[in-house]
Amino acid sequence: MVSGHLFHCRKNSWPPEEYVGRTALQLLDLDGGSPPEQAWRRRLNSHANILKEFSVTFMEAMKMMTLGVRLWSYVREEASHGRKAPIDPFTRERCKPSASQGVPLGGMGSGSISRGFRGEFKNWHIIPGLCENSPVMENQFSIFVSRDSGNKKYSSVLAPGHHEGLKKRSDSGISSWDWNLSGQHSTYHALFPRAWTIYDGEPDPDLKISCRQISPFIPHDYKDSSLPASVFVYTLVNTGRDRAKVSLLMTWANSIGGFSHHSGGHFNEPFIGDDGVSGVLLHHKTAKDNPPVTFSIAACETQNVSVTVLPVFGLSGENHVSAKEMWDTMSKDGHFSRENFDAGCSMPSSSGETLCAAVSASTWVEPHGRCTVAFALAWSSPKVKFQKGCTYNRRYTEFYGTSERSSSINLVHDALTKYRLWEEEIEKWQDPILKDEKLPEWYKFTLFNELYFLVAGGTVWTDGQPPAFSETSPAYQHKHSKKGTKSESVKDNHVKPAAEQVNDGDDLPNGEERSVSMYAAVHGSQMPEQTSGLRSQEPIPYLLSKDGPENVGKFLYLEGVEYIMWNTYDVHFYASFALLDLFPKIELSIQRDFADAVLYEDRRRVKFLADGTSGIRKVKGAVPHDLGTHDPWHEMNAYNIHDTSKWKDLNPKFVLQVYRDFAATGDMTFGRDVWPAVCAAMDYMDQFDRDCDGLIENDGFPDQTYDAWTVHGISAYCGGLWLAALQAAATMAHRLGDRPYAEKYKLKFMKAKAVYEAKLWNGSYFNYDSGTSSNSRSIQADQLAGQWYAASSGLPPIFDEHKIRSALQKIFEFNVMKVKGGRMGAVNGMTPKGKVDETCMQSREIWTGVTYGVAANMLLHGMEHQGFITAEGIFLAGWSEDGYGYWFQTPEGWTTDGHYRSLVYMRPLAIWAMQWALSPPKAILEAPKVNLMDRIHISPQAVRAVGEIGVRKIAPDNRCIPSSTFQCEC
């Protein structure tokens, strides 16, 4: 835990009364209507500036020209098949990204809709992998107020009117509505998964309004956290002398973003449900054979609140009541006709026609009185279909069934009747952190708000059952194209133990053979049978993970909305702390998927765009880069820039994550189940230790997560990860009783550690790599990633503590403080002369998630001041009012002048590694304080062999390798 008050971080305290008057806050402090002090804030009239994207330098463009041509050709080829390439830098969104984001709606994995801080509903992510950024401006909350005295009436959309697309008032569409809100006295407050919009006397000077947005993101709740629903609770306080009739209006378009409402075939339907829940269903027929979606907008009728609906209105007034006529009715009467509930289903919309619906909730608020009105939105698309044909049931169908209509009604009903319970659980989770006076205030709300990505990051959460294949899917076609007798078919699909599988190398480039070591098993047990290497064109079988007694389903989230790959593993390495802390069963499910994937091979050919060579899609023993794009679990490694089977960080990252999860959960079943894959992943790396010194070498191309930053020889990053993985594998083997492997990995660790320190340690930090290039001595911010994981997992330090602290201090002084005085985060590369490393675009970038990881490492080693200052740079540049406007869309990184690359990215979830460092899990805290590595017995002969290798292969350096390095228990 943090040892003392961090006063240096309190300069960014945001007293709420600077944004909302204290009187208004006190008046609204009813039923949660007043936001907490520790919330991110923005005025509604704040300018939403257009964000600036990075650009490559001339030299970088020259180096990447050939790659660019190949990538352009690949993007066009995918488009010809009606698919979006996973990486497409050539296509620009119609709506330019701006600093206008807010807390997204709904739980995880059922599609998401974001809501900007000014109230617009945008970033529609209903169909997997496809995001429509533009706001649907028909979706609004509005208010109509009339007083008993009769001389005061107010009406306005509850959002500022300075939006693109609003035309002249003479229009019969939404431009005819009253956009009277200036936003000068209205503020937005965000603390994911909730948000508050406070209208302090707008549009009625005598009315205080709070709109509280609540979504069911509840740690360790694997049911409600999957629900596609949100609630909007309005708290109304009348400070005037006259009784006020207040009508709140929710309008919604039958659309899933973009131009989807123009496709036709959509229809609306009013409904009256249980417990006073009434509203309208909007049935949306999606294009391109995607599963349909049904929206439900509703309000809760009570003794004081009356609910009416208008099932259909349009924008032109040709076939339906126009938007202008609807508005005029509300302005005059404050409600719709009760007879509208009997209207039944509307006629399906024509092509190009927009169908909208409205729900009104009306109430009287006495002088100095208060009232609460609740609306809810739910959307139901029970089937999730990927572009190559596989269809799955979403997680929430376990509880609500697969009918769009009934599940939508039940979802919106439960949201309106359960939201108070959701809030209780959310507050129970957040309060200990919010009330911890030792933590800086910016950290508290940034910690929670970065979790937006687990909803808005394109997440898909299925029920865990195998998919249904369409006749167009590769799996279906392969199955039905097989020839021969039944016995031949059985023979074709015979499942062999991994030890019997042979990689014949026929399909590898140049006929090259690749041997993969036999998969070890836990001592005394047999390795589970695995499917043999797949033939060309044969899809990989669906990876069925055993989730223990409770099946929590399967979970996917994108690397980013611009990099459309599911569960990108080198990035998940940073982000996974959030899932492990909050939804550990999901994290274990993901690890089981990758453990299964390690043991499979997919021989389908892939062209690698960086060098134009080709190879097989998935090599046995290699950890996949990702679980795919258009056919996840069946067609992995959508990333095709480099051959990731030659990357040096993926396998060590798998071993480190598995051990961390094993140590944190104490789940021995999980440990035993994934142990064969751990052994396979470790043994696979032997091929990269070409001089047999125990340490892997990089191959002179960007063979790791920094996939534009070339590495030569031994590298601080990959080598450090390998050392940590050796230690983790040895410790895990010891705990599982596999003594031969424990000794094997400890011996390798001892050998490798000596080489690593001798070749990379320069007295104050570890060099970028052992090569002779101009950047080989660069200071890499991420050089201690392996040590970070070792410390996070309760493992002993890889290096002497003084070396760890020296390297972290060097990173702090150079990579952090020499860039805008520490107000940007940690730049990836810095030269020893204190200049940013300009080797490539990634060396000169500041990666948000890496900065959080470095900060976490500092916290783990008692450098609290440096850790919070380092992470604060991300807040200042990305989240603060004076920053660049990256809130709720934190990018992969930015340049030193603030230009972003890849918005809405997975890696910034690494801020939860800081919380992990501050509050480690009970299993790690209470683990015996014994160095298990010391308990692994190695014979004296082996120890002497290590010493001889060190003398023979590396020059002795007493400054770098103290005599205590090889102390062990023999």
# chains A, B, ... in the order shown; residues from 1 in each chain; ligands from 1
call {"tool": "select_by_dssp", "arguments": {"residues": "stretch 601-642 of chain A", "states": "strand (DSSP E)", "output": "PyMOL selection string"}}
result
chain A and resi 602-607+614-618
call {"tool": "write_last_selection", "arguments": {"atoms": "N, CA and C atoms", "output": "mmCIF file, in the first residue's frame"}}
result
data_model
loop_
_atom_site.group_PDB
_atom_site.id
_atom_site.type_symbol
_atom_site.label_atom_id
_atom_site.label_comp_id
_atom_site.auth_asym_id
_atom_site.auth_seq_id
_atom_site.Cartn_x
_atom_site.Cartn_y
_atom_site.Cartn_z
ATOM 1 N N ASP A 602 -2.309 -24.652 -37.482
ATOM 2 C CA ASP A 602 -3.180 -24.371 -38.626
ATOM 3 C C ASP A 602 -2.264 -24.123 -39.827
ATOM 4 N N ARG A 603 -2.305 -25.038 -40.810
ATOM 5 C CA ARG A 603 -1.356 -24.988 -41.920
ATOM 6 C C ARG A 603 -1.810 -24.115 -43.086
ATOM 7 N N ARG A 604 -2.914 -23.443 -42.952
ATOM 8 C CA ARG A 604 -3.339 -22.567 -44.042
ATOM 9 C C ARG A 604 -2.304 -21.475 -44.279
ATOM 10 N N ARG A 605 -2.079 -21.166 -45.549
ATOM 11 C CA ARG A 605 -1.008 -20.253 -45.924
ATOM 12 C C ARG A 605 -1.393 -18.798 -45.674
ATOM 13 N N VAL A 606 -0.412 -18.021 -45.241
ATOM 14 C CA VAL A 606 -0.588 -16.591 -44.991
ATOM 15 C C VAL A 606 0.612 -15.856 -45.576
ATOM 16 N N LYS A 607 0.363 -14.721 -46.218
ATOM 17 C CA LYS A 607 1.447 -13.871 -46.703
ATOM 18 C C LYS A 607 1.726 -12.785 -45.668
ATOM 19 N N SER A 614 5.838 -15.974 -47.089
ATOM 20 C CA SER A 614 4.620 -16.622 -46.637
ATOM 21 C C SER A 614 4.962 -17.749 -45.686
ATOM 22 N N GLY A 615 3.981 -18.158 -44.936
ATOM 23 C CA GLY A 615 4.162 -19.238 -43.979
ATOM 24 C C GLY A 615 2.807 -19.755 -43.540
ATOM 25 N N ILE A 616 2.796 -20.630 -42.562
ATOM 26 C CA ILE A 616 1.527 -21.167 -42.111
ATOM 27 C C ILE A 616 0.927 -20.245 -41.066
ATOM 28 N N ARG A 617 -0.396 -20.315 -40.956
ATOM 29 C CA ARG A 617 -1.128 -19.361 -40.118
ATOM 30 C C ARG A 617 -0.779 -19.500 -38.645
ATOM 31 N N LYS A 618 -0.720 -20.704 -38.133
ATOM 32 C CA LYS A 618 -0.476 -20.908 -36.699
ATOM 33 C C LYS A 618 0.464 -22.094 -36.511
#
call {"tool": "residues_around", "arguments": {"residues": "stretch 289-294 of chain A", "least_positions_apart": "5", "cutoff": "6 Å", "atoms": "only C-alpha atoms", "output": "count of residues only"}}
result
7
call {"tool": "closest_residue", "arguments": {"among": "A:Leu795, A:His712, A:Gln387, A:Leu695", "to": "A:Ala729", "atoms": "only C-alpha atoms"}}
result
A:Leu795
call {"tool": "residues_around", "arguments": {"residues": "A:Lys753", "least_positions_apart": "4", "cutoff": "9 Å", "atoms": "only C-alpha atoms", "output": "list in words"}}
result
Gly694, Leu695, Gly720, Leu723, Lys748, Phe749, Glu757, Ala758, Ile798, Phe799 and Thr965 of chain A
call {"tool": "closest_atom_pairs", "arguments": {"of": "stretch 55-141 of chain A", "to": "stretch 207-229 of chain A", "cutoff": "9 Å", "atoms": "only C-alpha atoms", "output": "JSON lines"}}
result
{"residue": "A:Val103", "atom": "CA", "partner": "A:Gln213", "partner_atom": "CA", "distance": 8.6}
{"residue": "A:Pro104", "atom": "CA", "partner": "A:Ser215", "partner_atom": "CA", "distance": 8.4}
{"residue": "A:Leu105", "atom": "CA", "partner": "A:Ser215", "partner_atom": "CA", "distance": 6.0}
{"residue": "A:Gly106", "atom": "CA", "partner": "A:Pro228", "partner_atom": "CA", "distance": 4.6}
{"residue": "A:Gly107", "atom": "CA", "partner": "A:Ser225", "partner_atom": "CA", "distance": 4.8}
{"residue": "A:Met108", "atom": "CA", "partner": "A:Ser226", "partner_atom": "CA", "distance": 4.9}
{"residue": "A:Gly109", "atom": "CA", "partner": "A:Ser226", "partner_atom": "CA", "distance": 6.2}
{"residue": "A:Ser110", "atom": "CA", "partner": "A:Pro228", "partner_atom": "CA", "distance": 5.6}
{"residue": "A:Gly111", "atom": "CA", "partner": "A:Pro228", "partner_atom": "CA", "distance": 7.0}
{"residue": "A:Ser112", "atom": "CA", "partner": "A:Pro228", "partner_atom": "CA", "distance": 7.5}
call {"tool": "residues_around", "arguments": {"residues": "A:Met636", "least_positions_apart": "6", "cutoff": "10 Å", "atoms": "only C-alpha atoms", "output": "PyMOL selection string"}}
result
chain A and resi 539-540+565-566+597+602+617-618+624-630
call {"tool": "residues_around", "arguments": {"residues": "A:Val157", "least_positions_apart": "6", "cutoff": "10 Å", "atoms": "only C-alpha atoms", "output": "JSON, numbers by chain"}}
result
{"A": [119, 140, 141, 142, 143, 144, 174, 177, 178, 179, 180, 181, 203, 248, 249, 250]}
call {"tool": "residues_around", "arguments": {"residues": "stretch 766-778 of chain A", "least_positions_apart": "6", "cutoff": "12 Å", "atoms": "only C-alpha atoms", "output": "PyMOL selection string"}}
result
chain A and resi 696-700+709-720+755-760+784-785+799+803-808+810-811+814-815+827-840+843-844+960
call {"tool": "atom_distance", "arguments": {"atom1": "atom CA of A:Val373", "atom2": "atom CA of A:Thr235"}}
result
6.6 Å
call {"tool": "atom_distance", "arguments": {"atom1": "atom CA of A:Gly612", "atom2": "atom CA of A:Arg76"}}
result
16.5 Å
call {"tool": "residues_around", "arguments": {"residues": "A:Ile641", "least_positions_apart": "5", "cutoff": "9 Å", "atoms": "only C-alpha atoms", "output": "short mmCIF file (atom, residue, chain, number, x, y, z; two decimals) with all heavy atoms, in the first residue's frame"}}
result
data_model
loop_
_atom_site.label_atom_id
_atom_site.label_comp_id
_atom_site.auth_asym_id
_atom_site.auth_seq_id
_atom_site.Cartn_x
_atom_site.Cartn_y
_atom_site.Cartn_z
N LEU A 67 5.95 -2.03 -47.42
CA LEU A 67 4.89 -2.54 -46.55
C LEU A 67 3.57 -1.87 -46.85
O LEU A 67 2.52 -2.51 -46.92
CB LEU A 67 5.27 -2.32 -45.07
CG LEU A 67 4.16 -2.53 -44.04
CD1 LEU A 67 3.66 -3.97 -44.07
CD2 LEU A 67 4.64 -2.16 -42.64
N LEU A 71 0.15 -3.66 -47.87
CA LEU A 71 -1.00 -3.50 -46.98
C LEU A 71 -2.19 -2.94 -47.75
O LEU A 71 -3.33 -3.39 -47.56
CB LEU A 71 -0.63 -2.58 -45.80
CG LEU A 71 -1.72 -2.34 -44.76
CD1 LEU A 71 -2.20 -3.66 -44.16
CD2 LEU A 71 -1.19 -1.42 -43.64
N LYS A 607 0.36 -14.72 -46.22
CA LYS A 607 1.45 -13.87 -46.70
C LYS A 607 1.73 -12.78 -45.67
O LYS A 607 0.81 -12.11 -45.21
CB LYS A 607 1.08 -13.23 -48.04
CG LYS A 607 2.19 -12.37 -48.63
CD LYS A 607 1.81 -11.82 -49.99
CE LYS A 607 2.95 -10.98 -50.58
NZ LYS A 607 2.58 -10.46 -51.92
N PHE A 608 3.00 -12.64 -45.31
CA PHE A 608 3.39 -11.64 -44.31
C PHE A 608 3.81 -10.37 -45.03
O PHE A 608 4.70 -10.38 -45.90
CB PHE A 608 4.50 -12.19 -43.41
CG PHE A 608 4.10 -13.46 -42.73
CD1 PHE A 608 4.74 -14.66 -43.01
CD2 PHE A 608 3.04 -13.48 -41.84
CE1 PHE A 608 4.36 -15.83 -42.39
CE2 PHE A 608 2.64 -14.65 -41.22
CZ PHE A 608 3.31 -15.83 -41.50
N LEU A 609 3.18 -9.28 -44.67
CA LEU A 609 3.27 -8.06 -45.47
C LEU A 609 4.58 -7.32 -45.30
O LEU A 609 4.99 -6.57 -46.19
CB LEU A 609 2.10 -7.13 -45.12
CG LEU A 609 0.70 -7.74 -45.27
CD1 LEU A 609 -0.36 -6.72 -44.90
CD2 LEU A 609 0.48 -8.25 -46.69
N ALA A 610 5.27 -7.49 -44.19
CA ALA A 610 6.49 -6.74 -43.95
C ALA A 610 7.59 -7.12 -44.95
O ALA A 610 8.31 -6.26 -45.44
CB ALA A 610 6.98 -6.95 -42.53
N ASP A 611 7.73 -8.43 -45.22
CA ASP A 611 8.80 -8.86 -46.12
C ASP A 611 8.31 -9.62 -47.35
O ASP A 611 9.10 -10.03 -48.19
CB ASP A 611 9.82 -9.72 -45.36
CG ASP A 611 9.19 -10.94 -44.69
OD1 ASP A 611 8.01 -11.23 -44.99
OD2 ASP A 611 9.88 -11.59 -43.89
N ASP A 707 6.36 -3.44 -32.92
CA ASP A 707 6.51 -4.12 -34.21
C ASP A 707 6.99 -3.20 -35.33
O ASP A 707 6.91 -3.55 -36.51
CB ASP A 707 5.21 -4.81 -34.62
CG ASP A 707 4.03 -3.87 -34.72
OD1 ASP A 707 4.15 -2.70 -34.31
OD2 ASP A 707 2.98 -4.30 -35.21
#
call {"tool": "decode", "arguments": {"residues": "stretch 785-923 of chain A", "atoms": "C-alpha atoms", "output": "JSON list (two decimals), in the first residue's frame"}}
result
[["chain", "number", "residue", "atom", "x", "y", "z"],
["A", 785, "ALA", "CA", 8.65, -5.59, -18.06],
["A", 786, "GLY", "CA", 9.78, -9.03, -16.91],
["A", 787, "GLN", "CA", 10.67, -7.77, -13.45],
["A", 788, "TRP", "CA", 7.29, -5.99, -13.28],
["A", 789, "TYR", "CA", 5.49, -9.29, -13.77],
["A", 790, "ALA", "CA", 7.77, -11.15, -11.37],
["A", 791, "ALA", "CA", 7.04, -8.63, -8.63],
["A", 792, "SER", "CA", 3.32, -8.59, -9.46],
["A", 793, "SER", "CA", 3.22, -12.38, -9.10],
["A", 794, "GLY", "CA", 5.03, -12.60, -5.77],
["A", 795, "LEU", "CA", 8.20, -14.00, -7.35],
["A", 796, "PRO", "CA", 11.65, -12.99, -6.11],
["A", 797, "PRO", "CA", 13.44, -10.17, -7.94],
["A", 798, "ILE", "CA", 15.21, -11.16, -11.13],
["A", 799, "PHE", "CA", 18.00, -8.69, -10.46],
["A", 800, "ASP", "CA", 19.55, -7.08, -7.41],
["A", 801, "GLU", "CA", 17.25, -4.43, -6.00],
["A", 802, "HIS", "CA", 19.79, -1.64, -6.52],
["A", 803, "LYS", "CA", 19.89, -2.42, -10.25],
["A", 804, "ILE", "CA", 16.11, -2.41, -10.51],
["A", 805, "ARG", "CA", 15.77, 0.92, -8.73],
["A", 806, "SER", "CA", 18.68, 2.41, -10.68],
["A", 807, "ALA", "CA", 17.07, 1.49, -14.02],
["A", 808, "LEU", "CA", 13.66, 2.78, -12.93],
["A", 809, "GLN", "CA", 15.20, 6.03, -11.70],
["A", 810, "LYS", "CA", 16.99, 6.43, -15.04],
["A", 811, "ILE", "CA", 13.68, 5.92, -16.87],
["A", 812, "PHE", "CA", 12.02, 8.46, -14.60],
["A", 813, "GLU", "CA", 14.72, 11.09, -15.07],
["A", 814, "PHE", "CA", 15.10, 10.63, -18.82],
["A", 815, "ASN", "CA", 12.00, 9.06, -20.42],
["A", 816, "VAL", "CA", 9.52, 10.86, -18.14],
["A", 817, "MET", "CA", 10.91, 14.13, -16.84],
["A", 818, "LYS", "CA", 12.83, 15.16, -19.97],
["A", 819, "VAL", "CA", 9.59, 15.20, -21.99],
["A", 820, "LYS", "CA", 7.54, 18.33, -21.17],
["A", 821, "GLY", "CA", 8.63, 18.13, -17.54],
["A", 822, "GLY", "CA", 6.86, 14.82, -16.93],
["A", 823, "ARG", "CA", 3.47, 16.00, -18.23],
["A", 824, "MET", "CA", 3.19, 13.50, -21.10],
["A", 825, "GLY", "CA", 4.02, 10.05, -19.72],
["A", 826, "ALA", "CA", 7.10, 7.94, -20.49],
["A", 827, "VAL", "CA", 8.48, 8.08, -24.02],
["A", 828, "ASN", "CA", 9.39, 4.60, -25.27],
["A", 829, "GLY", "CA", 12.99, 5.39, -26.16],
["A", 830, "MET", "CA", 15.45, 7.99, -24.97],
["A", 831, "THR", "CA", 19.13, 8.34, -25.86],
["A", 832, "PRO", "CA", 21.76, 8.55, -23.10],
["A", 833, "LYS", "CA", 22.22, 12.18, -24.14],
["A", 834, "GLY", "CA", 18.66, 13.00, -23.11],
["A", 835, "LYS", "CA", 17.14, 13.23, -26.59],
["A", 836, "VAL", "CA", 14.09, 11.27, -27.74],
["A", 837, "ASP", "CA", 15.12, 8.19, -29.72],
["A", 838, "GLU", "CA", 14.04, 8.93, -33.32],
["A", 839, "THR", "CA", 14.92, 5.47, -34.65],
["A", 840, "CYS", "CA", 11.32, 4.77, -35.66],
["A", 841, "MET", "CA", 7.81, 6.02, -34.97],
["A", 842, "GLN", "CA", 7.38, 3.70, -31.97],
["A", 843, "SER", "CA", 10.64, 4.64, -30.28],
["A", 844, "ARG", "CA", 9.53, 8.28, -30.28],
["A", 845, "GLU", "CA", 5.99, 7.57, -29.09],
["A", 846, "ILE", "CA", 4.59, 7.65, -25.57],
["A", 847, "TRP", "CA", 2.52, 4.51, -25.04],
["A", 848, "THR", "CA", -0.19, 5.06, -22.47],
["A", 849, "GLY", "CA", -0.43, 1.46, -21.28],
["A", 850, "VAL", "CA", 3.34, 1.04, -21.08],
["A", 851, "THR", "CA", 3.53, 4.21, -18.98],
["A", 852, "TYR", "CA", 0.99, 2.77, -16.54],
["A", 853, "GLY", "CA", 3.00, -0.48, -16.44],
["A", 854, "VAL", "CA", 6.22, 1.39, -15.69],
["A", 855, "ALA", "CA", 4.42, 3.34, -12.96],
["A", 856, "ALA", "CA", 3.16, 0.07, -11.46],
["A", 857, "ASN", "CA", 6.70, -1.30, -11.46],
["A", 858, "MET", "CA", 7.88, 1.81, -9.60],
["A", 859, "LEU", "CA", 5.15, 1.34, -6.98],
["A", 860, "LEU", "CA", 6.18, -2.29, -6.52],
["A", 861, "HIS", "CA", 9.72, -1.18, -5.71],
["A", 862, "GLY", "CA", 8.92, 1.58, -3.24],
["A", 863, "MET", "CA", 9.21, 4.47, -5.70],
["A", 864, "GLU", "CA", 5.77, 5.92, -5.05],
["A", 865, "HIS", "CA", 6.62, 9.51, -5.88],
["A", 866, "GLN", "CA", 8.12, 8.58, -9.23],
["A", 867, "GLY", "CA", 5.33, 6.12, -10.01],
["A", 868, "PHE", "CA", 2.47, 8.56, -9.56],
["A", 869, "ILE", "CA", 4.28, 11.39, -11.34],
["A", 870, "THR", "CA", 4.91, 9.04, -14.28],
["A", 871, "ALA", "CA", 1.27, 7.97, -14.55],
["A", 872, "GLU", "CA", 0.02, 11.49, -13.91],
["A", 873, "GLY", "CA", 1.52, 12.47, -17.25],
["A", 874, "ILE", "CA", -1.10, 10.31, -18.99],
["A", 875, "PHE", "CA", -3.86, 12.02, -17.01],
["A", 876, "LEU", "CA", -2.52, 15.49, -17.79],
["A", 877, "ALA", "CA", -2.09, 14.85, -21.51],
["A", 878, "GLY", "CA", -5.14, 12.66, -22.04],
["A", 879, "TRP", "CA", -7.78, 13.39, -19.42],
["A", 880, "SER", "CA", -7.26, 16.85, -17.96],
["A", 881, "GLU", "CA", -9.02, 19.96, -19.16],
["A", 882, "ASP", "CA", -5.70, 21.31, -20.42],
["A", 883, "GLY", "CA", -4.84, 18.09, -22.24],
["A", 884, "TYR", "CA", -5.47, 16.83, -25.76],
["A", 885, "GLY", "CA", -8.99, 15.46, -25.26],
["A", 886, "TYR", "CA", -8.49, 11.69, -25.18],
["A", 887, "TRP", "CA", -10.93, 10.91, -22.38],
["A", 888, "PHE", "CA", -12.94, 7.71, -22.92],
["A", 889, "GLN", "CA", -10.95, 7.02, -26.09],
["A", 890, "THR", "CA", -7.43, 6.65, -24.69],
["A", 891, "PRO", "CA", -5.15, 5.85, -27.63],
["A", 892, "GLU", "CA", -2.30, 3.38, -27.87],
["A", 893, "GLY", "CA", 0.05, 6.33, -27.75],
["A", 894, "TRP", "CA", 0.85, 9.87, -28.71],
["A", 895, "THR", "CA", 3.85, 11.79, -29.90],
["A", 896, "THR", "CA", 5.60, 14.40, -27.78],
["A", 897, "ASP", "CA", 3.40, 17.05, -29.41],
["A", 898, "GLY", "CA", 0.23, 15.16, -28.47],
["A", 899, "HIS", "CA", -0.77, 13.63, -31.82],
["A", 900, "TYR", "CA", -2.48, 10.29, -31.28],
["A", 901, "ARG", "CA", -2.17, 6.85, -32.85],
["A", 902, "SER", "CA", -4.99, 4.30, -32.56],
["A", 903, "LEU", "CA", -7.85, 5.64, -30.44],
["A", 904, "VAL", "CA", -9.91, 3.46, -28.07],
["A", 905, "TYR", "CA", -7.12, 0.98, -27.33],
["A", 906, "MET", "CA", -6.79, -1.99, -25.01],
["A", 907, "ARG", "CA", -3.39, -1.37, -23.39],
["A", 908, "PRO", "CA", -4.33, 1.62, -21.14],
["A", 909, "LEU", "CA", -6.28, -0.81, -18.95],
["A", 910, "ALA", "CA", -2.80, -1.35, -17.48],
["A", 911, "ILE", "CA", -3.63, 1.38, -14.98],
["A", 912, "TRP", "CA", -5.16, -1.51, -13.02],
["A", 913, "ALA", "CA", -1.63, -2.88, -12.64],
["A", 914, "MET", "CA", -1.01, 0.15, -10.44],
["A", 915, "GLN", "CA", -3.97, -0.77, -8.26],
["A", 916, "TRP", "CA", -2.70, -4.36, -8.23],
["A", 917, "ALA", "CA", 0.65, -3.06, -6.95],
["A", 918, "LEU", "CA", -1.07, -0.97, -4.27],
["A", 919, "SER", "CA", -3.44, -3.76, -3.16],
["A", 920, "PRO", "CA", -2.15, -7.20, -4.16],
["A", 921, "PRO", "CA", -4.63, -10.09, -3.96],
["A", 922, "LYS", "CA", -4.91, -12.07, -0.77],
["A", 923, "ALA", "CA", -3.35, -15.20, -2.26]]
